[in-house]
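Have a look at the structure below before the remarks.
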Amino acid sequence: MRLLYKALRSPNFWRVLKPLACLYVSRERNRPFTLWVEFLCWVLGEASRRKRPVVWINSFFPVEFIYGLGAVPFLPELFSAIVAYFNWTRGPISKGSSLLSTDVCSFYRCAMGLLDYEVLPAPDLIISCSQICDGTKAFYEALSDRTGVPHLLLDVPYRKDKRAKIYVKDQLTEIFEEARCLLGIRTPLGELKNSLEISRRTESVMREVAKLRRAVPAPFPGSEGMSYVAGMSFWSLGTGRGLRFFEALRDRILERVRKSRGYLKEERFRVLWLHHIRPYYPNPIISFLNERGVAIAYEEVNYPWWPITRGDDPFDELAEKICANPWGGPIEGRIELVERLIEDYRIHGVIHFSHWGCRQSTAGAMVIGEVVKGRGIPYLILPGDGADPDNYSPGQTMTRLQAFLEVLQQRWRFMRA
Amino acid sequence: MERVGYLCTYVPVELVEAAGFHPMRVIPRSSEKDEVLLDPNICPYLKAVLSQLQRESPKGLVFINSCDGMRRLYDAVRWFFPSLEVCILDVPRSSDERGVLYYREVIEDFSRWLGNLRGKPLLEEEVREAIARCNQRRRALFEILKERPRAGDLLRALKGGFPPKDLQEVRLREGEGRVKVLVTGSLLEADGILDWLEELGGEVLIPDVCSGLRGAGYVGGGEPFLALAKAYLEKPPCARMRGSRRRLLREAVKEVQAVLAYIPKFCDHYLYELATLRGICKEEGRPLLHLEGEYTVGVSEGIRTRVQAFLERWR
Amino acid sequence: MALYAGIDVGSRTTKVVIVEGEKVLSSEILLTGSDPRGASWRCFQRALEVAGAKFGDVKRVISTGYGRKRVPFAHREFTEITCHARGASFCFPGVRMVIDMGGQDAKVIALEDRGGVLDFVMNDKCAAGTGRFLEVMAQAMDLDLEEMATEALRAREAVPISSMCTVFAESEVISLIAEGIPREKIVWGLHLAIARRISSMVKRVPQGEPIAFTGGVAKNRGMIRALQEVLGKKLLIPPDPQTVGALGAALLAQEIDW
């Protein structure tokens with residue numbers, strides 16, 4: 001194991017892995033997925049090469065900012081999800097739990113544990129924004145204490161009016177300067193503008209993808225939307241690679257929609273998956289749904305919430321974007337997106353995945369449930385854990401899913417095929 | 001006088017008083033908790049508050065965006081108790097000049113909300129008078145702090161609100177304790193724990209808890225909203241705040257011989273800070289006891305035993 | 001007429017019900033033990049015998065419960081939620097809510113007017129609120145379940161029990177006994193604590209009446225009293241509460257479009 005960990009930090013590992021991984025993956029003829037693997041190898045390779053400084057950020061901090069700085073972004077939350085996919089999280093989570101507490105999010109515990117294993121590309125700077133949960137400030141501060149690396153916080157207010165945007169913008173300007181100072185780099189502002197330009201174009205393509213996915217039958221699996229598509233949207237926005245990925249994704253989906261091909265052989269129900277994640281370690285949830293014709297037609301994480309901004313001032317633009325995040329502030333943002341998604345994607349049922357330790361989402365599940373059930377749509381709260389396989393109870397999870405399916409059958413029994 | 005409840009020490013109570021309401025810190029006296037409306041796995045204090053609201057409602061309730069739980073409680077209360085008048089104050093996480101100016105605007109909006117609640121806008125002189133009254137109460141509190149009050153009594157006096165109106169029940173300690181203790185963490189509803197600690201020979205030098213000495217210091221002169229914003233943001237910070245907390249924590253740890261971290265279950269801010277606190281305690285050579293709070297108003301046998309065992313090393 | 005069977009394989013007991021039209025021909029219970037497959041087969045055999053039927057007479061079999069996947073001769077499986085809903089609405093047409101308390105889990109099911117499941121909430125994460133909790137407490141007090149129910153029915157007052165965890169409630173009960181608190185107060189306190197927990201689950205689903213109480217624990221008169229008091233409503237108890245799941249499964253076997 002130790003050898004593998006050492007390898008992960010060596011740039012040569014990524015140089016060799018990239019073409020091999022891409023070759024292996026391209027056999028599936030899934031171009032977007034290949035681009036994802038390529039991107040991962042590239043960004044992790046860059047991080048290990050250390051020619052450019054490595055900045056750790058949380059998922060909702062605008063990653064374009066980091067590319068604009070001339071640095072390489074590393075997202076510990078996403079990396080934990082990838083480690084979960086390979087089912088390697090037990091050790092790091094155990095370690096992280098002893099340093100933190102078993103009551104906090106397993107993605108953060110995993111990242112803390114991995115930090116201890118010295119697997120991760122060491123940060124030169126840590127920047128986080130206080131959206132969308134307490135962990136985004138508290139965990140990154142704890143990281144900073146542990147690594148001795150400075151932590152810059154973008155304090156995003158609860159309210160999102162004009163004054164709030166100015167408050168955010170002023171901080172962004174300051175953080176940019178301070179980051180350049182701390183990292184000793186003098187990338188021109190043009191880089192950031194460029195990065196934002198690409199990000200805008202990418203978001204436009206992402207909007208197209210969202211629209212295409214409204215087709216019946218659902219052309220693209222929500223399970224993948226919640227994994228590498230979301231991953232790209234958090235990590236690659238602002239890069240040419242990110243743009244090409246979403247273009248390839250759009251083209252792939254467009255083709256399926258033209259042929260009226262769904263991703264399931266027979267689609268019986270369309271569900272909406274709430275909360276940004278699902279369990280990433282091997283588990284039967286997705287195959288269970290697939291086998292029974294239950295399509296995850298869309299997922300909360302890919303709701304196209306970014307404003308269509310045009311700006312001269314990059315910090316204005318970023319502040320605008322950050323303040324438009326529907327998950328910060330009161331629950332109305334989330335209610336609105338749930339209602340829109342139910343309409344747009346012709347949803348038959350809603351599953352709210354209540355990830356252990358994620359209070360901002362699970363504590364809202366009852367209110368969201370009232371909204372969903374008020375429309376006569378079956379609603380399931382599915383407790384679980386996105387990264388910790390030891391916190392997963394297969395019997396209980398499957399019983400709830402099966403019962404939910406029975407409710408769906410009951411509710412929509414007069415629906416024509 | 002009608003009561004307006006509030007849930008966090010960052011709420012400027014002076015304004016509530018200026019509006020003619022009695023500011024009531026919501027610290028439920030019963031351990032009953034509502035497990036339904038939020039989620040079972042959330043801060044027990046919030047669940048206790050929800051349960052309390054089902055029994056009685058104040059005229060108004062003031063929230064703060066202090067944490068995810070509190071944010072969601074605000075949503076749940078608006079959804080399930082629609083007739084209750086509520087508002088939420090947007091406190092910045094930073095007490096620098098920019099933060100103070102931001103909070104000043106928030107406080108001004110708050111005064112407008114209070115004005116609507118009572119049917120008449122607040123007058124500047126009412127605010128100044130309320131500030132003066134509260135400053136006087138602060139004076140009394142700081143005086144008594146110099147004389148070594150018993151921590152349990154102090155917390156009980158502070159439960160009514162900060163600064164406390166009534167300090168008569170606060171008894172003074174008889175002599176120094178064997179062990180000087182820092183109690184740190186979030187809400188401490190079981191002031192009985194502090195009684196127990198002191199009974200066993202400990203001396204709680206600093207109750208660094210939400211229901212303890214985290215109230216604002218003197219509010220200065222000048223424009224009242226700005227003065228309030230400054231006083232409230234610069235007060236002893238809680239773990240949610242950026243800035244001086246780490247340094248202050250280390251200084252506090254150095255002053256004592258033992259540290260007791262009382263953290264409610266599922267309290268993210270303090271649980272993440274615990275990792276750092278452990279590090280500080282290790283470096284400074286101070287033993288640390290971590291107690292998990294479940295919002296039980298009495299002191300359970302389990303807690304008594306743990307505290308006793310912890311203090312037994314100073315025989 | 002063809003016969004249909006339902007098998008409910010629980011972690012403690014396995015139940016089989018055989019129906020013919022509107023008639024229940026037989027209903028049998030057996031301990032599951034460590035062999036759900038064997039238990040389901042033996043229980044099925046027993047039910048056939050009582051019904052005076054042969055294996056070939058049974059047209060379709062539906063399995064449910066925790067061990068529903070271990071019944072090789074079942075044609076299909078449904079969850080206990082759907083089966084309890086169906087079983088309860090057969091016993092009480094128009095029932096709108098079912099509270100099911102089994103050996104190791106508790107659930108509350110909201111029904112729509114036609115008897116289908118509208119919403120449900122389950123507690124299968126801890127023993128509090130299940131038959132197991134009552135067993136552990138009975139043992140701690142040196143009573144059997146019958147005696148405990150009698151004490152619960154007799155009590156006028158309760159002593160509040162604060163721990164909801166089975167393990168800690170047990171220690172709490174032992175200390176209360178040592179303090180000399182009358183047994184019936186402790187027993188009643190326990191029953192009320194469980195009833196409050198169930199009441200919490202009831203609040204999470206759409207409200208409706210009448211309410212049926214099913215599962216092994218529904219045979220416990222002390223629990224019936226406690227629930228009725230806490231909910232403030234009268235509960236409908238089926239003649240054989242423990243086999244409602246299997247009954248529902250048998251009825252579903254008869255009704256669904258194969």
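Chain identifiers are assigned as A, B, and so on, following the order in which chains appear in the structure tokens; residues are numbered from 1 within each chain, and ligands are numbered from 1 in order of appearance.
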
**Message:** Need to verify the contact set: A:Gly364, 7 Å, only C-alpha atoms, exclusion of same-chain residues closer than 3 positions in sequence. Can you return it as a list in words?
**Reply:** Gln360, Ser361, Val367 and Ile368 of chain A; Leu38 and Arg72 of chain B

Once you have the residues from the selection above, write them out as a tab-separated table (two decimals), in the first residue's frame, restricted to N, CA and C atoms.
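Final output, result_26.tsv:
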chain	number	residue	atom	x	y	z
A	360	GLN	N	-26.88	20.27	6.47
A	360	GLN	CA	-27.56	21.30	5.68
A	360	GLN	C	-28.61	20.66	4.77
A	361	SER	N	-28.36	19.45	4.31
A	361	SER	CA	-29.34	18.83	3.42
A	361	SER	C	-30.35	17.98	4.17
A	367	VAL	N	-39.01	19.43	5.12
A	367	VAL	CA	-39.67	20.55	4.44
A	367	VAL	C	-39.77	20.25	2.93
A	368	ILE	N	-38.69	19.78	2.35
A	368	ILE	CA	-38.71	19.42	0.92
A	368	ILE	C	-39.77	18.35	0.68
B	38	LEU	N	-36.96	18.20	11.92
B	38	LEU	CA	-35.66	18.42	11.29
B	38	LEU	C	-35.12	17.05	10.85
B	72	ARG	N	-31.48	25.63	9.14
B	72	ARG	CA	-32.59	24.74	8.83
B	72	ARG	C	-33.70	24.86	9.86

**Message:** Report as an NGL selection string all protein, DNA and RNA residues lying within 9 Å of A:Pro383, evaluated on only C-alpha atoms, omitting residues in the same chain fewer than 2 positions from it.
**Reply:** :A and (352-356 or 362 or 381 or 385 or 392 or 397)

Check every residue of chain C for an atom within 9 Å of chain A, counting only C-alpha atoms, and provide those that qualify as an mmCIF file with N, CA and C atoms, in the first residue's frame.
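File produced: out-v3.cif:
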data_model
loop_
_atom_site.group_PDB
_atom_site.id
_atom_site.type_symbol
_atom_site.label_atom_id
_atom_site.label_comp_id
_atom_site.auth_asym_id
_atom_site.auth_seq_id
_atom_site.Cartn_x
_atom_site.Cartn_y
_atom_site.Cartn_z
ATOM 1 N N TYR C 66 -37.886 -9.858 6.258
ATOM 2 C CA TYR C 66 -36.436 -9.730 6.204
ATOM 3 C C TYR C 66 -35.797 -10.864 5.381
ATOM 4 N N PHE C 78 -42.556 -9.049 -2.002
ATOM 5 C CA PHE C 78 -42.975 -7.673 -1.731
ATOM 6 C C PHE C 78 -42.442 -7.304 -0.357
ATOM 7 N N THR C 79 -42.274 -6.007 -0.110
ATOM 8 C CA THR C 79 -41.788 -5.634 1.219
ATOM 9 C C THR C 79 -42.921 -5.752 2.235
ATOM 10 N N GLU C 80 -42.491 -5.805 3.511
ATOM 11 C CA GLU C 80 -43.477 -5.914 4.607
ATOM 12 C C GLU C 80 -44.404 -4.715 4.634
ATOM 13 N N ILE C 81 -43.896 -3.592 4.088
ATOM 14 C CA ILE C 81 -44.718 -2.393 4.126
ATOM 15 C C ILE C 81 -45.984 -2.598 3.308
ATOM 16 N N THR C 82 -45.796 -2.993 2.081
ATOM 17 C CA THR C 82 -46.957 -3.205 1.223
ATOM 18 C C THR C 82 -47.841 -4.324 1.764
ATOM 19 N N GLY C 116 -53.790 1.370 -0.707
ATOM 20 C CA GLY C 116 -52.405 1.352 -1.168
ATOM 21 C C GLY C 116 -51.528 2.172 -0.234
ATOM 22 N N VAL C 117 -50.239 1.979 -0.333
ATOM 23 C CA VAL C 117 -49.317 2.691 0.548
ATOM 24 C C VAL C 117 -49.080 4.102 0.022
ATOM 25 N N LEU C 118 -49.263 5.070 0.902
ATOM 26 C CA LEU C 118 -49.051 6.466 0.535
ATOM 27 C C LEU C 118 -47.640 6.901 0.944
ATOM 28 N N ASP C 119 -47.280 6.527 2.164
ATOM 29 C CA ASP C 119 -46.001 6.940 2.716
ATOM 30 C C ASP C 119 -45.658 5.991 3.855
ATOM 31 N N PHE C 120 -44.399 5.941 4.230
ATOM 32 C CA PHE C 120 -44.039 5.056 5.338
ATOM 33 C C PHE C 120 -42.781 5.574 6.007
ATOM 34 N N VAL C 121 -42.594 5.154 7.244
ATOM 35 C CA VAL C 121 -41.351 5.467 7.943
ATOM 36 C C VAL C 121 -40.972 4.235 8.775
ATOM 37 N N MET C 122 -39.675 3.935 8.768
ATOM 38 C CA MET C 122 -39.237 2.718 9.449
ATOM 39 C C MET C 122 -38.215 3.021 10.509
ATOM 40 N N ASP C 124 -35.404 0.733 11.842
ATOM 41 C CA ASP C 124 -34.767 -0.577 11.936
ATOM 42 C C ASP C 124 -33.324 -0.392 12.339
ATOM 43 N N LYS C 125 -33.034 0.751 12.928
ATOM 44 C CA LYS C 125 -31.654 1.030 13.295
ATOM 45 C C LYS C 125 -31.367 0.726 14.758
ATOM 46 N N ARG C 204 -44.470 11.723 11.229
ATOM 47 C CA ARG C 204 -43.712 11.917 9.992
ATOM 48 C C ARG C 204 -44.479 11.527 8.737
#

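Atom pair atom CA of B:Arg171 / atom CA of B:Leu154: separated by 8.2 Å.
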
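Every protein, DNA or RNA residue with an atom at most 9 Å from stretch 304-316 of chain A, where only C-alpha atoms count and chain neighbours fewer than 5 positions away do not, is listed here: Lys165, Ile166, Val168, Lys169, Asp170, Leu172, Thr173, Leu189, Leu192, Lys193, Leu196, Arg200, Glu203, Ser204, Met206, Arg207, Ala210, Lys321, Ile322, Ala324, Asn325, Pro326 and Leu337 of chain A.
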
Only C-alpha atoms, please: the residues just picked out, written as a tab-separated table (two decimals), in the first residue's frame.
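Output below, filename part-v3.tsv:
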chain	number	residue	atom	x	y	z
A	165	LYS	CA	-22.43	40.93	-3.46
A	166	ILE	CA	-20.18	43.88	-2.72
A	168	VAL	CA	-18.17	39.06	-1.48
A	169	LYS	CA	-16.51	40.96	-4.30
A	170	ASP	CA	-14.28	42.94	-1.97
A	172	LEU	CA	-12.48	38.08	-3.68
A	173	THR	CA	-10.28	40.95	-4.79
A	189	LEU	CA	-5.50	39.37	-14.51
A	192	LEU	CA	-8.65	34.99	-14.76
A	193	LYS	CA	-10.70	36.76	-17.40
A	196	LEU	CA	-14.08	32.95	-16.76
A	200	ARG	CA	-19.16	30.91	-19.32
A	203	GLU	CA	-21.92	26.66	-18.61
A	204	SER	CA	-23.78	27.42	-21.79
A	206	MET	CA	-24.02	22.50	-19.64
A	207	ARG	CA	-27.36	24.23	-20.00
A	210	ALA	CA	-29.59	19.85	-19.00
A	321	LYS	CA	-22.22	33.72	-9.46
A	322	ILE	CA	-21.43	32.83	-5.86
A	324	ALA	CA	-26.71	32.86	-7.02
A	325	ASN	CA	-25.96	29.49	-5.42
A	326	PRO	CA	-29.35	28.01	-4.47
A	337	LEU	CA	-35.09	23.97	-7.87

**Prompt:** Contacts of B:Asp208 at 7 Å or less, counting only C-alpha atoms, minus same-chain residues fewer than 6 places along, as an MDAnalysis selection string?
**Reply:** chainID B and resid 183:185 214

Mind dumping the selected residues with N, CA and C atoms as a PDB file, in the first residue's frame?
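part_21.pdb, written as the output of this step:
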ATOM      1  N   VAL B 183     -13.698  25.487  30.595  1.00  0.00           N
ATOM      2  CA  VAL B 183     -14.812  24.753  29.992  1.00  0.00           C
ATOM      3  C   VAL B 183     -15.110  25.414  28.664  1.00  0.00           C
ATOM      4  N   THR B 184     -14.981  24.679  27.602  1.00  0.00           N
ATOM      5  CA  THR B 184     -15.170  25.272  26.284  1.00  0.00           C
ATOM      6  C   THR B 184     -16.141  24.448  25.464  1.00  0.00           C
ATOM      7  N   GLY B 185     -16.856  25.118  24.560  1.00  0.00           N
ATOM      8  CA  GLY B 185     -17.768  24.388  23.701  1.00  0.00           C
ATOM      9  C   GLY B 185     -18.988  25.203  23.392  1.00  0.00           C
ATOM     10  N   ARG B 214     -19.827  34.465  26.615  1.00  0.00           N
ATOM     11  CA  ARG B 214     -19.555  34.946  25.262  1.00  0.00           C
ATOM     12  C   ARG B 214     -20.410  36.144  24.912  1.00  0.00           C
TER      13      ARG B 214
END

Mind the document's chain letters and residue numbers, and return as a short mmCIF file (atom, residue, chain, number, x, y, z; two decimals) with N, CA and C atoms, in the first residue's frame the residues of stretch 70-148 of chain A that DSSP labels strand (DSSP E).
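The file below, part27.cif, is the result:
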data_model
loop_
_atom_site.label_atom_id
_atom_site.label_comp_id
_atom_site.auth_asym_id
_atom_site.auth_seq_id
_atom_site.Cartn_x
_atom_site.Cartn_y
_atom_site.Cartn_z
N VAL A 72 -2.77 25.17 -9.57
CA VAL A 72 -3.48 23.91 -9.84
C VAL A 72 -4.46 23.66 -8.68
N PRO A 73 -5.73 23.49 -8.98
CA PRO A 73 -6.67 23.25 -7.89
C PRO A 73 -6.70 21.78 -7.48
N PHE A 74 -6.84 21.55 -6.19
CA PHE A 74 -7.06 20.19 -5.70
C PHE A 74 -8.28 20.20 -4.81
N LEU A 125 -1.41 26.41 -0.51
CA LEU A 125 -2.38 27.36 0.02
C LEU A 125 -3.72 26.66 0.09
N ILE A 126 -4.53 27.07 1.06
CA ILE A 126 -5.89 26.51 1.18
C ILE A 126 -6.87 27.67 1.10
N ILE A 127 -7.81 27.57 0.18
CA ILE A 127 -8.84 28.62 0.09
C ILE A 127 -10.20 27.92 0.10
N SER A 128 -11.12 28.42 0.90
CA SER A 128 -12.47 27.85 0.84
C SER A 128 -13.49 28.96 0.95
N CYS A 129 -14.70 28.67 0.49
CA CYS A 129 -15.76 29.64 0.68
C CYS A 129 -16.80 28.98 1.58
#

**Request:** Determine which residues of chain B sit within 8 Å of chain C, taking into account only C-alpha atoms, and present them as a ChimeraX atom specification.
**Result:** /B:34-37

Residues just named, written with C-alpha atoms as a PDB file, in the first residue's frame:
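Contents of result37.pdb, freshly written:
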ATOM      1  CA  ASP B  34     -38.811  16.970  18.653  1.00  0.00           C
ATOM      2  CA  GLU B  35     -37.302  14.252  16.480  1.00  0.00           C
ATOM      3  CA  VAL B  36     -39.514  14.765  13.491  1.00  0.00           C
ATOM      4  CA  LEU B  37     -39.387  18.171  11.903  1.00  0.00           C
TER       5      LEU B  37
END

Could you pull out the helix (DSSP H, G or I) residues of stretch 29-269 of chain B from DSSP and send them as a PDB file with C-alpha atoms, in the first residue's frame?
ATOM      1  CA  PRO B  44     -30.113  18.324  20.333  1.00  0.00           C
ATOM      2  CA  TYR B  45     -30.523  21.965  21.335  1.00  0.00           C
ATOM      3  CA  LEU B  46     -32.424  22.664  18.121  1.00  0.00           C
ATOM      4  CA  LYS B  47     -34.676  19.688  18.760  1.00  0.00           C
ATOM      5  CA  ALA B  48     -35.357  20.937  22.256  1.00  0.00           C
ATOM      6  CA  VAL B  49     -36.203  24.395  20.898  1.00  0.00           C
ATOM      7  CA  LEU B  50     -38.664  22.900  18.435  1.00  0.00           C
ATOM      8  CA  SER B  51     -40.288  20.946  21.217  1.00  0.00           C
ATOM      9  CA  GLN B  52     -40.555  24.107  23.314  1.00  0.00           C
ATOM     10  CA  LEU B  53     -42.139  26.058  20.478  1.00  0.00           C
ATOM     11  CA  ASP B  68     -26.364  24.731   9.256  1.00  0.00           C
ATOM     12  CA  GLY B  69     -28.637  23.440  11.980  1.00  0.00           C
ATOM     13  CA  MET B  70     -29.789  26.911  12.919  1.00  0.00           C
ATOM     14  CA  ARG B  71     -30.346  27.745   9.266  1.00  0.00           C
ATOM     15  CA  ARG B  72     -32.586  24.739   8.834  1.00  0.00           C
ATOM     16  CA  LEU B  73     -34.364  25.390  12.112  1.00  0.00           C
ATOM     17  CA  TYR B  74     -35.306  28.805  10.742  1.00  0.00           C
ATOM     18  CA  ASP B  75     -36.732  27.125   7.648  1.00  0.00           C
ATOM     19  CA  ALA B  76     -38.595  24.483   9.657  1.00  0.00           C
ATOM     20  CA  VAL B  77     -40.073  27.065  12.007  1.00  0.00           C
ATOM     21  CA  ARG B  78     -41.307  29.174   9.109  1.00  0.00           C
ATOM     22  CA  TRP B  79     -42.848  26.129   7.471  1.00  0.00           C
ATOM     23  CA  PHE B  80     -44.381  24.409  10.480  1.00  0.00           C
ATOM     24  CA  GLU B  97     -13.699  46.409   9.476  1.00  0.00           C
ATOM     25  CA  ARG B  98     -15.524  45.095   6.435  1.00  0.00           C
ATOM     26  CA  GLY B  99     -17.437  42.636   8.588  1.00  0.00           C
ATOM     27  CA  VAL B 100     -18.348  45.325  11.088  1.00  0.00           C
ATOM     28  CA  LEU B 101     -19.724  47.578   8.357  1.00  0.00           C
ATOM     29  CA  TYR B 102     -21.705  44.663   6.916  1.00  0.00           C
ATOM     30  CA  TYR B 103     -23.140  43.788  10.288  1.00  0.00           C
ATOM     31  CA  ARG B 104     -24.074  47.390  10.876  1.00  0.00           C
ATOM     32  CA  GLU B 105     -26.444  47.189   7.901  1.00  0.00           C
ATOM     33  CA  VAL B 106     -27.881  43.936   9.192  1.00  0.00           C
ATOM     34  CA  ILE B 107     -28.490  45.500  12.590  1.00  0.00           C
ATOM     35  CA  GLU B 108     -30.215  48.472  11.001  1.00  0.00           C
ATOM     36  CA  ASP B 109     -32.553  46.106   9.148  1.00  0.00           C
ATOM     37  CA  PHE B 110     -33.152  44.291  12.415  1.00  0.00           C
ATOM     38  CA  SER B 111     -34.255  47.501  14.087  1.00  0.00           C
ATOM     39  CA  ARG B 112     -36.751  47.960  11.287  1.00  0.00           C
ATOM     40  CA  TRP B 113     -38.118  44.466  11.845  1.00  0.00           C
ATOM     41  CA  LEU B 114     -38.527  45.225  15.535  1.00  0.00           C
ATOM     42  CA  GLY B 115     -40.246  48.468  14.639  1.00  0.00           C
ATOM     43  CA  ASN B 116     -42.733  46.562  12.495  1.00  0.00           C
ATOM     44  CA  LEU B 117     -43.272  44.066  15.262  1.00  0.00           C
ATOM     45  CA  ARG B 118     -44.246  46.728  17.748  1.00  0.00           C
ATOM     46  CA  GLU B 124     -32.420  56.686  18.359  1.00  0.00           C
ATOM     47  CA  GLU B 125     -32.842  57.820  21.948  1.00  0.00           C
ATOM     48  CA  GLU B 126     -34.621  54.604  22.835  1.00  0.00           C
ATOM     49  CA  VAL B 127     -31.663  52.689  21.463  1.00  0.00           C
ATOM     50  CA  ARG B 128     -29.133  54.831  23.317  1.00  0.00           C
ATOM     51  CA  GLU B 129     -31.032  54.383  26.563  1.00  0.00           C
ATOM     52  CA  ALA B 130     -31.164  50.641  26.124  1.00  0.00           C
ATOM     53  CA  ILE B 131     -27.426  50.580  25.413  1.00  0.00           C
ATOM     54  CA  ALA B 132     -26.762  52.561  28.579  1.00  0.00           C
ATOM     55  CA  ARG B 133     -28.912  50.245  30.679  1.00  0.00           C
ATOM     56  CA  CYS B 134     -27.214  47.167  29.299  1.00  0.00           C
ATOM     57  CA  ASN B 135     -23.788  48.682  29.846  1.00  0.00           C
ATOM     58  CA  GLN B 136     -24.703  49.218  33.473  1.00  0.00           C
ATOM     59  CA  ARG B 137     -25.647  45.591  33.804  1.00  0.00           C
ATOM     60  CA  ARG B 138     -22.392  44.639  32.190  1.00  0.00           C
ATOM     61  CA  ARG B 139     -20.555  46.689  34.774  1.00  0.00           C
ATOM     62  CA  ALA B 140     -22.256  44.763  37.547  1.00  0.00           C
ATOM     63  CA  LEU B 141     -21.360  41.496  35.879  1.00  0.00           C
ATOM     64  CA  PHE B 142     -17.711  42.364  35.360  1.00  0.00           C
ATOM     65  CA  GLU B 143     -17.493  43.498  38.982  1.00  0.00           C
ATOM     66  CA  ILE B 144     -18.757  40.193  40.216  1.00  0.00           C
ATOM     67  CA  LEU B 145     -16.431  38.322  37.875  1.00  0.00           C
ATOM     68  CA  LYS B 146     -13.471  39.818  39.685  1.00  0.00           C
ATOM     69  CA  ALA B 151     -19.614  28.958  37.747  1.00  0.00           C
ATOM     70  CA  GLY B 152     -22.900  27.058  38.005  1.00  0.00           C
ATOM     71  CA  ASP B 153     -24.653  30.040  39.566  1.00  0.00           C
ATOM     72  CA  LEU B 154     -23.151  32.352  36.987  1.00  0.00           C
ATOM     73  CA  LEU B 155     -24.426  30.247  34.135  1.00  0.00           C
ATOM     74  CA  ARG B 156     -27.880  30.085  35.664  1.00  0.00           C
ATOM     75  CA  ALA B 157     -27.921  33.868  35.991  1.00  0.00           C
ATOM     76  CA  LEU B 158     -26.781  34.174  32.377  1.00  0.00           C
ATOM     77  CA  LYS B 159     -29.448  31.789  31.119  1.00  0.00           C
ATOM     78  CA  GLY B 192     -25.247  21.196  36.982  1.00  0.00           C
ATOM     79  CA  ILE B 193     -22.056  19.914  35.392  1.00  0.00           C
ATOM     80  CA  LEU B 194     -20.241  23.034  36.507  1.00  0.00           C
ATOM     81  CA  ASP B 195     -21.680  22.665  40.017  1.00  0.00           C
ATOM     82  CA  TRP B 196     -20.468  19.095  40.075  1.00  0.00           C
ATOM     83  CA  LEU B 197     -17.056  20.081  38.776  1.00  0.00           C
ATOM     84  CA  GLU B 198     -16.640  22.690  41.466  1.00  0.00           C
ATOM     85  CA  GLU B 199     -17.965  20.364  44.128  1.00  0.00           C
ATOM     86  CA  PRO B 224     -25.524  53.323  17.788  1.00  0.00           C
ATOM     87  CA  PHE B 225     -25.812  50.715  15.034  1.00  0.00           C
ATOM     88  CA  LEU B 226     -22.108  50.914  14.302  1.00  0.00           C
ATOM     89  CA  ALA B 227     -21.295  50.777  17.997  1.00  0.00           C
ATOM     90  CA  LEU B 228     -23.454  47.675  18.376  1.00  0.00           C
ATOM     91  CA  ALA B 229     -21.932  46.002  15.324  1.00  0.00           C
ATOM     92  CA  LYS B 230     -18.459  46.623  16.679  1.00  0.00           C
ATOM     93  CA  ALA B 231     -19.217  45.427  20.204  1.00  0.00           C
ATOM     94  CA  TYR B 232     -20.978  42.306  19.070  1.00  0.00           C
ATOM     95  CA  LEU B 233     -18.448  41.243  16.473  1.00  0.00           C
ATOM     96  CA  ARG B 245     -10.257  32.330  18.244  1.00  0.00           C
ATOM     97  CA  ARG B 246      -7.300  29.993  17.856  1.00  0.00           C
ATOM     98  CA  ARG B 247      -4.964  32.368  19.600  1.00  0.00           C
ATOM     99  CA  LEU B 248      -7.411  33.081  22.421  1.00  0.00           C
ATOM    100  CA  LEU B 249      -8.032  29.395  22.907  1.00  0.00           C
ATOM    101  CA  ARG B 250      -4.328  28.718  23.318  1.00  0.00           C
ATOM    102  CA  GLU B 251      -3.988  31.570  25.773  1.00  0.00           C
ATOM    103  CA  ALA B 252      -6.929  30.251  27.754  1.00  0.00           C
ATOM    104  CA  VAL B 253      -5.491  26.735  27.805  1.00  0.00           C
ATOM    105  CA  LYS B 254      -2.211  28.087  29.173  1.00  0.00           C
ATOM    106  CA  GLU B 255      -4.008  29.755  32.058  1.00  0.00           C
ATOM    107  CA  ASP B 268     -19.764  20.691  13.406  1.00  0.00           C
ATOM    108  CA  HIS B 269     -18.030  23.934  14.356  1.00  0.00           C
TER     109      HIS B 269
END

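For the set A:Pro279, A:Gly386, A:Gly333, A:Pro157, the residue with the smallest atom-to-atom gap to chain B is A:Pro157, counting only C-alpha atoms.
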